[in-house]
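Q: You'll find protein-v7.json just under this line, and it carries JSON, C-alpha atoms.
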[["chain", "number", "residue", "atom", "x", "y", "z"],
["D", 25, "MET", "CA", 73.73, 24.91, 104.55],
["D", 26, "ASN", "CA", 72.59, 26.62, 107.71],
["D", 27, "VAL", "CA", 68.87, 26.86, 108.44],
["D", 28, "LEU", "CA", 67.48, 29.19, 111.11],
["D", 29, "PHE", "CA", 64.14, 28.45, 112.77],
["D", 30, "LEU", "CA", 62.96, 31.82, 114.00],
["D", 31, "CYS", "CA", 60.15, 32.95, 116.28],
["D", 32, "THR", "CA", 59.73, 35.52, 118.99],
["D", 33, "GLY", "CA", 60.42, 33.60, 122.23],
["D", 34, "ASN", "CA", 62.65, 30.71, 121.07],
["D", 35, "SER", "CA", 61.24, 28.38, 123.69],
["D", 36, "CYS", "CA", 58.92, 25.94, 121.86],
["D", 37, "ARG", "CA", 58.35, 25.84, 118.09],
["D", 38, "SER", "CA", 61.74, 27.06, 116.92],
["D", 39, "ILE", "CA", 63.48, 24.69, 119.35],
["D", 40, "LEU", "CA", 61.30, 21.78, 118.16],
["D", 41, "GLY", "CA", 62.19, 22.71, 114.57],
["D", 42, "GLU", "CA", 65.91, 23.03, 115.25],
["D", 43, "ALA", "CA", 66.21, 19.76, 117.17],
["D", 44, "THR", "CA", 64.04, 17.78, 114.74],
["D", 45, "PHE", "CA", 65.85, 19.18, 111.69],
["D", 46, "ASN", "CA", 69.25, 18.32, 113.16],
["D", 47, "HIS", "CA", 68.01, 14.83, 114.09],
["D", 48, "LEU", "CA", 66.93, 14.15, 110.49],
["D", 49, "ALA", "CA", 69.51, 16.21, 108.58],
["D", 50, "PRO", "CA", 71.89, 14.67, 106.09],
["D", 51, "ALA", "CA", 75.55, 15.68, 106.11],
["D", 52, "GLY", "CA", 76.09, 19.31, 105.21],
["D", 53, "TRP", "CA", 72.82, 20.60, 106.70],
["D", 54, "ARG", "CA", 72.52, 22.19, 110.12],
["D", 55, "ALA", "CA", 69.73, 24.01, 111.89],
["D", 56, "MET", "CA", 69.84, 26.60, 114.61],
["D", 57, "SER", "CA", 67.06, 28.54, 116.29],
["D", 58, "ALA", "CA", 66.62, 31.97, 117.77],
["D", 59, "GLY", "CA", 64.09, 34.52, 118.87],
["D", 60, "SER", "CA", 63.73, 38.25, 118.43],
["D", 61, "LYS", "CA", 62.75, 38.46, 122.13],
["D", 62, "PRO", "CA", 63.92, 35.15, 123.61],
["D", 63, "THR", "CA", 62.31, 33.97, 126.84],
["D", 64, "GLY", "CA", 65.68, 32.78, 128.11],
["D", 65, "GLN", "CA", 64.54, 29.21, 128.69],
["D", 66, "VAL", "CA", 63.34, 26.27, 126.63],
["D", 67, "HIS", "CA", 59.86, 25.17, 127.62],
["D", 68, "PRO", "CA", 60.19, 21.95, 129.69],
["D", 69, "ARG", "CA", 57.40, 20.29, 127.67],
["D", 70, "SER", "CA", 59.41, 20.84, 124.47],
["D", 71, "LEU", "CA", 62.43, 19.11, 125.97],
["D", 72, "ALA", "CA", 60.32, 16.26, 127.38],
["D", 73, "LEU", "CA", 58.60, 15.70, 124.02],
["D", 74, "LEU", "CA", 61.89, 15.64, 122.12],
["D", 75, "ALA", "CA", 63.35, 13.17, 124.62],
["D", 76, "ARG", "CA", 60.30, 10.91, 124.25],
["D", 77, "GLU", "CA", 60.78, 11.02, 120.47],
["D", 78, "GLY", "CA", 64.42, 9.93, 120.84],
["D", 79, "ILE", "CA", 65.82, 13.31, 119.81],
["D", 80, "ASN", "CA", 68.88, 14.60, 121.64],
["D", 81, "THR", "CA", 68.13, 17.77, 123.66],
["D", 82, "GLU", "CA", 71.65, 18.50, 124.85],
["D", 83, "GLY", "CA", 72.87, 22.00, 124.09],
["D", 84, "TYR", "CA", 69.55, 23.53, 123.09],
["D", 85, "PHE", "CA", 68.77, 26.83, 124.77],
["D", 86, "SER", "CA", 66.70, 29.96, 124.19],
["D", 87, "LYS", "CA", 68.81, 32.59, 122.46],
["D", 88, "SER", "CA", 68.64, 35.85, 120.58],
["D", 89, "TRP", "CA", 69.14, 36.16, 116.86],
["D", 90, "ASP", "CA", 71.98, 38.52, 117.82],
["D", 91, "ASN", "CA", 74.01, 35.51, 119.02],
["D", 92, "LEU", "CA", 73.86, 33.07, 116.13],
["D", 93, "PRO", "CA", 76.79, 30.65, 115.77],
["D", 94, "ALA", "CA", 76.69, 30.95, 111.95],
["D", 95, "THR", "CA", 75.07, 33.02, 109.24],
["D", 96, "PRO", "CA", 71.88, 31.35, 108.01],
["D", 97, "ASP", "CA", 71.33, 30.51, 104.36],
["D", 98, "ILE", "CA", 67.62, 29.85, 104.94],
["D", 99, "VAL", "CA", 65.29, 31.37, 107.55],
["D", 100, "ILE", "CA", 62.06, 29.60, 108.46],
["D", 101, "THR", "CA", 59.70, 31.64, 110.62],
["D", 102, "VAL", "CA", 57.29, 29.55, 112.66],
["D", 103, "CYS", "CA", 55.00, 32.09, 114.35],
["D", 104, "ALA", "CA", 51.30, 31.54, 113.65],
["D", 105, "SER", "CA", 50.32, 34.69, 111.78],
["D", 106, "ALA", "CA", 46.70, 33.50, 111.68],
["D", 107, "ALA", "CA", 46.70, 33.72, 115.48],
["D", 108, "GLY", "CA", 47.70, 37.37, 115.34],
["D", 109, "GLU", "CA", 51.35, 36.80, 116.22],
["D", 110, "THR", "CA", 53.85, 39.03, 114.51],
["D", 111, "CYS", "CA", 56.78, 37.04, 113.25],
["D", 112, "PRO", "CA", 60.12, 38.81, 113.36],
["D", 113, "ALA", "CA", 61.70, 39.57, 110.00],
["D", 114, "TYR", "CA", 65.30, 38.45, 109.79],
["D", 115, "LEU", "CA", 67.40, 41.12, 108.17],
["D", 116, "GLY", "CA", 69.92, 39.73, 105.77],
["D", 117, "PRO", "CA", 70.31, 38.32, 102.27],
["D", 118, "VAL", "CA", 68.77, 34.92, 102.92],
["D", 119, "LEU", "CA", 66.05, 32.74, 101.50],
["D", 120, "ARG", "CA", 62.98, 33.14, 103.70],
["D", 121, "THR", "CA", 59.83, 31.09, 104.14],
["D", 122, "HIS", "CA", 57.04, 31.01, 106.69],
["D", 123, "TRP", "CA", 55.90, 27.74, 108.27],
["D", 124, "GLY", "CA", 53.35, 29.05, 110.77],
["D", 125, "VAL", "CA", 52.48, 26.78, 113.70],
["D", 126, "GLU", "CA", 50.26, 27.57, 116.70],
["D", 127, "ASP", "CA", 52.31, 28.20, 119.85],
["D", 128, "PRO", "CA", 51.83, 25.32, 122.28],
["D", 129, "ALA", "CA", 53.20, 27.49, 125.09],
["D", 130, "HIS", "CA", 49.84, 29.28, 125.08],
["D", 131, "ALA", "CA", 47.78, 26.08, 125.26],
["D", 132, "THR", "CA", 45.36, 25.77, 128.15],
["D", 133, "GLY", "CA", 43.39, 22.90, 129.62],
["D", 134, "THR", "CA", 44.37, 19.64, 131.20],
["D", 135, "ASP", "CA", 47.92, 18.33, 131.12],
["D", 136, "ALA", "CA", 46.83, 15.89, 128.40],
["D", 137, "GLU", "CA", 45.35, 18.73, 126.30],
["D", 138, "ILE", "CA", 48.47, 20.85, 126.69],
["D", 139, "ASP", "CA", 50.70, 17.89, 125.82],
["D", 140, "ALA", "CA", 48.52, 17.30, 122.74],
["D", 141, "SER", "CA", 49.18, 20.90, 121.62],
["D", 142, "PHE", "CA", 52.92, 20.35, 121.88],
["D", 143, "MET", "CA", 52.65, 17.04, 119.99],
["D", 144, "LEU", "CA", 50.61, 18.68, 117.22],
["D", 145, "ALA", "CA", 53.21, 21.44, 116.79],
["D", 146, "TYR", "CA", 55.97, 18.80, 116.70],
["D", 147, "ARG", "CA", 54.13, 16.61, 114.17],
["D", 148, "ILE", "CA", 53.46, 19.55, 111.85],
["D", 149, "LEU", "CA", 57.09, 20.66, 111.98],
["D", 150, "ARG", "CA", 58.37, 17.10, 111.53],
["D", 151, "ALA", "CA", 56.11, 16.52, 108.50],
["D", 152, "ARG", "CA", 57.39, 19.73, 106.92],
["D", 153, "ILE", "CA", 61.03, 18.95, 107.68],
["D", 154, "GLU", "CA", 60.66, 15.43, 106.24],
["D", 155, "ALA", "CA", 59.07, 16.94, 103.11],
["D", 156, "PHE", "CA", 61.97, 19.39, 102.87],
["D", 157, "PHE", "CA", 64.54, 16.58, 103.00],
["D", 158, "ALA", "CA", 62.55, 14.66, 100.36],
["D", 159, "LEU", "CA", 63.16, 17.51, 97.88],
["D", 160, "PRO", "CA", 65.96, 17.22, 95.31],
["D", 161, "LEU", "CA", 68.08, 19.57, 97.41],
["D", 162, "GLU", "CA", 71.27, 19.18, 95.36],
["D", 163, "THR", "CA", 69.41, 20.55, 92.33],
["D", 164, "LEU", "CA", 67.38, 23.17, 94.18],
["D", 165, "GLN", "CA", 70.37, 24.68, 96.00],
["D", 166, "GLY", "CA", 71.43, 26.16, 92.67],
["D", 167, "ASP", "CA", 67.98, 27.65, 92.01],
["D", 168, "LYS", "CA", 66.95, 29.75, 95.02],
["D", 169, "SER", "CA", 63.60, 30.80, 93.54],
["D", 170, "ALA", "CA", 62.62, 27.16, 92.91],
["D", 171, "LEU", "CA", 63.76, 26.19, 96.40],
["D", 172, "LYS", "CA", 61.70, 29.01, 97.92],
["D", 173, "ALA", "CA", 58.64, 27.95, 95.91],
["D", 174, "GLU", "CA", 58.98, 24.37, 97.19],
["D", 175, "MET", "CA", 59.49, 25.54, 100.76],
["D", 176, "ASP", "CA", 56.43, 27.79, 100.51],
["D", 177, "LYS", "CA", 54.38, 24.78, 99.35],
["D", 178, "ILE", "CA", 55.65, 22.76, 102.32],
["D", 179, "ALA", "CA", 54.21, 25.46, 104.61],
["D", 180, "ASN", "CA", 50.74, 24.11, 103.87],
["D", 181, "LEU", "CA", 51.49, 20.57, 105.10],
["D", 182, "MET", "CA", 49.80, 19.55, 108.31],
["D", 183, "ALA", "CA", 50.54, 16.59, 110.55]]
Would it be possible to restate this file's structure as structure tokens?
A:
Amino acid sequence: MNVLFLCTGNSCRSILGEATFNHLAPAGWRAMSAGSKPTGQVHPRSLALLAREGINTEGYFSKSWDNLPATPDIVITVCASAAGETCPAYLGPVLRTHWGVEDPAHATGTDAEIDASFMLAYRILRARIEAFFALPLETLQGDKSALKAEMDKIANLMA
């Protein structure tokens, strides 16, 4: 199963989601990430955080949803709609859910405060990904509406 973490810039949240998902994924599951208007670079704080967490960062780059290596089965948007961001809508027959997370790339303040914003985004995404892998996925894969309902519930988990 291919999971796409989607946002606008593909530099922070979607990269954190992709790398964390792939780090935790059982056999047969793979994540990718993309943006509708990619920035063209992964935010250095995202890469540094992943490295500190022991997650491989090799091969991750900011890319457009026009250049996906595979067709996604599930699309998880991560833009924070409460913050007024418009999340792109992936066009295709896929299961979709929204796991909104504030964009740490827009954090301001001291280095410690900005790093804390990145860590919060990572912890929220990791908690949701761990909850996803705790689901009875073998059963839910055959029932897309039940899987979507469970994924929508996961969207409310915080770090």
Q: What is the distance between atom CA of D:Ala104 and atom CA of D:Val125, in Å to one decimal?
A: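 Separating atom CA of D:Ala104 from atom CA of D:Val125 is a distance of 4.9 Å.
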Q: Report, in Å with one decimal, the straight-line distance from atom CA of D:Glu137 to atom CA of D:Gly83.
A: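 Calculated distance between atom CA of D:Glu137 and atom CA of D:Gly83 is 27.8 Å.
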Q: Neighbours of stretch 160-163 of chain D within 12 Å (only C-alpha atoms; same-chain residues fewer than 2 positions away dropped), as a ChimeraX atom specification?
A: /D:25,49-50,52-53,155-158,165-172,174-175
Q: Is there a way to get, as number ranges by chain, all residues within 7 Å of the point (64.1, 26.8, 129.5) in file coordinates, counting only C-alpha atoms?
A: D: 35, 64-68, 85-86
Q: Pick from D:Arg150, D:Leu71, D:Asp127, D:Asp97: nearest to D:Asn46, with only C-alpha atoms counted?
A: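 That would be D:Arg150, the residue with the smallest distance to D:Asn46.
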Q: What lies within 12 Å of D:Gly78 using all atoms listed in the file, ignoring chain neighbours under 6 positions off, as a list in words?
A: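 Using all atoms listed in the file, the neighbours found are Ala43, Thr44, His47, Leu48, Leu71 and Ala72 of chain D.
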Q: Calculate how many Å separate atom CA of D:Phe142 from atom CA of D:Ser70, rounding to one decimal.
A: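 One can read the atom CA of D:Phe142 to atom CA of D:Ser70 distance as 7.0 Å.
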Q: Got a sec: who's within 8 Å of stretch 176-183 of chain D, counting all atoms listed in the file, leaving out chain neighbours fewer than 5 positions off, as number ranges by chain?
A: D: 121-124, 144, 147-152, 155-156
Q: Env of D:Arg69: 12 Å cut, atoms = all atoms listed in the file, seq-sep filter 2 positions within chain, self excluded. Answer as number ranges by chain.
A: D: 35-37, 39-40, 65-67, 71-76, 81, 128-129, 131, 135-136, 138-143, 145-146
Q: Could you write out the selected residues, including C-alpha atoms, as an mmCIF file, in the coordinates of the input?
A:
data_model
loop_
_atom_site.group_PDB
_atom_site.id
_atom_site.type_symbol
_atom_site.label_atom_id
_atom_site.label_comp_id
_atom_site.auth_asym_id
_atom_site.auth_seq_id
_atom_site.Cartn_x
_atom_site.Cartn_y
_atom_site.Cartn_z
ATOM 1 C CA SER D 35 61.240 28.380 123.690
ATOM 2 C CA CYS D 36 58.920 25.940 121.860
ATOM 3 C CA ARG D 37 58.350 25.840 118.090
ATOM 4 C CA ILE D 39 63.480 24.690 119.350
ATOM 5 C CA LEU D 40 61.300 21.780 118.160
ATOM 6 C CA GLN D 65 64.540 29.210 128.690
ATOM 7 C CA VAL D 66 63.340 26.270 126.630
ATOM 8 C CA HIS D 67 59.860 25.170 127.620
ATOM 9 C CA LEU D 71 62.430 19.110 125.970
ATOM 10 C CA ALA D 72 60.320 16.260 127.380
ATOM 11 C CA LEU D 73 58.600 15.700 124.020
ATOM 12 C CA LEU D 74 61.890 15.640 122.120
ATOM 13 C CA ALA D 75 63.350 13.170 124.620
ATOM 14 C CA ARG D 76 60.300 10.910 124.250
ATOM 15 C CA THR D 81 68.130 17.770 123.660
ATOM 16 C CA PRO D 128 51.830 25.320 122.280
ATOM 17 C CA ALA D 129 53.200 27.490 125.090
ATOM 18 C CA ALA D 131 47.780 26.080 125.260
ATOM 19 C CA ASP D 135 47.920 18.330 131.120
ATOM 20 C CA ALA D 136 46.830 15.890 128.400
ATOM 21 C CA ILE D 138 48.470 20.850 126.690
ATOM 22 C CA ASP D 139 50.700 17.890 125.820
ATOM 23 C CA ALA D 140 48.520 17.300 122.740
ATOM 24 C CA SER D 141 49.180 20.900 121.620
ATOM 25 C CA PHE D 142 52.920 20.350 121.880
ATOM 26 C CA MET D 143 52.650 17.040 119.990
ATOM 27 C CA ALA D 145 53.210 21.440 116.790
ATOM 28 C CA TYR D 146 55.970 18.800 116.700
#
Q: Using only C-alpha atoms, which residues sit within 6 Å of D:Thr32 once same-chain residues fewer than 6 positions away are excluded, as a list in words?
A: Gly59, Ser60 and Lys61 of chain D
Q: Taking (68.3, 29.0, 105.8) in the file's coordinates, which residues come within 7 Å, counting only C-alpha atoms, written as a list in words?
A: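 Checked against the point, the hits come out as Met25, Asn26, Val27, Leu28, Pro96, Asp97, Ile98, Val99, Ile100, Val118 and Leu119 of chain D.
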Q: Calculated over all atoms listed in the file, which of the candidates D:His130, D:Leu164, D:Pro62, D:Asn91 has the smallest distance to D:Gly33?
A: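 Smallest distance to D:Gly33 is found for D:Pro62.
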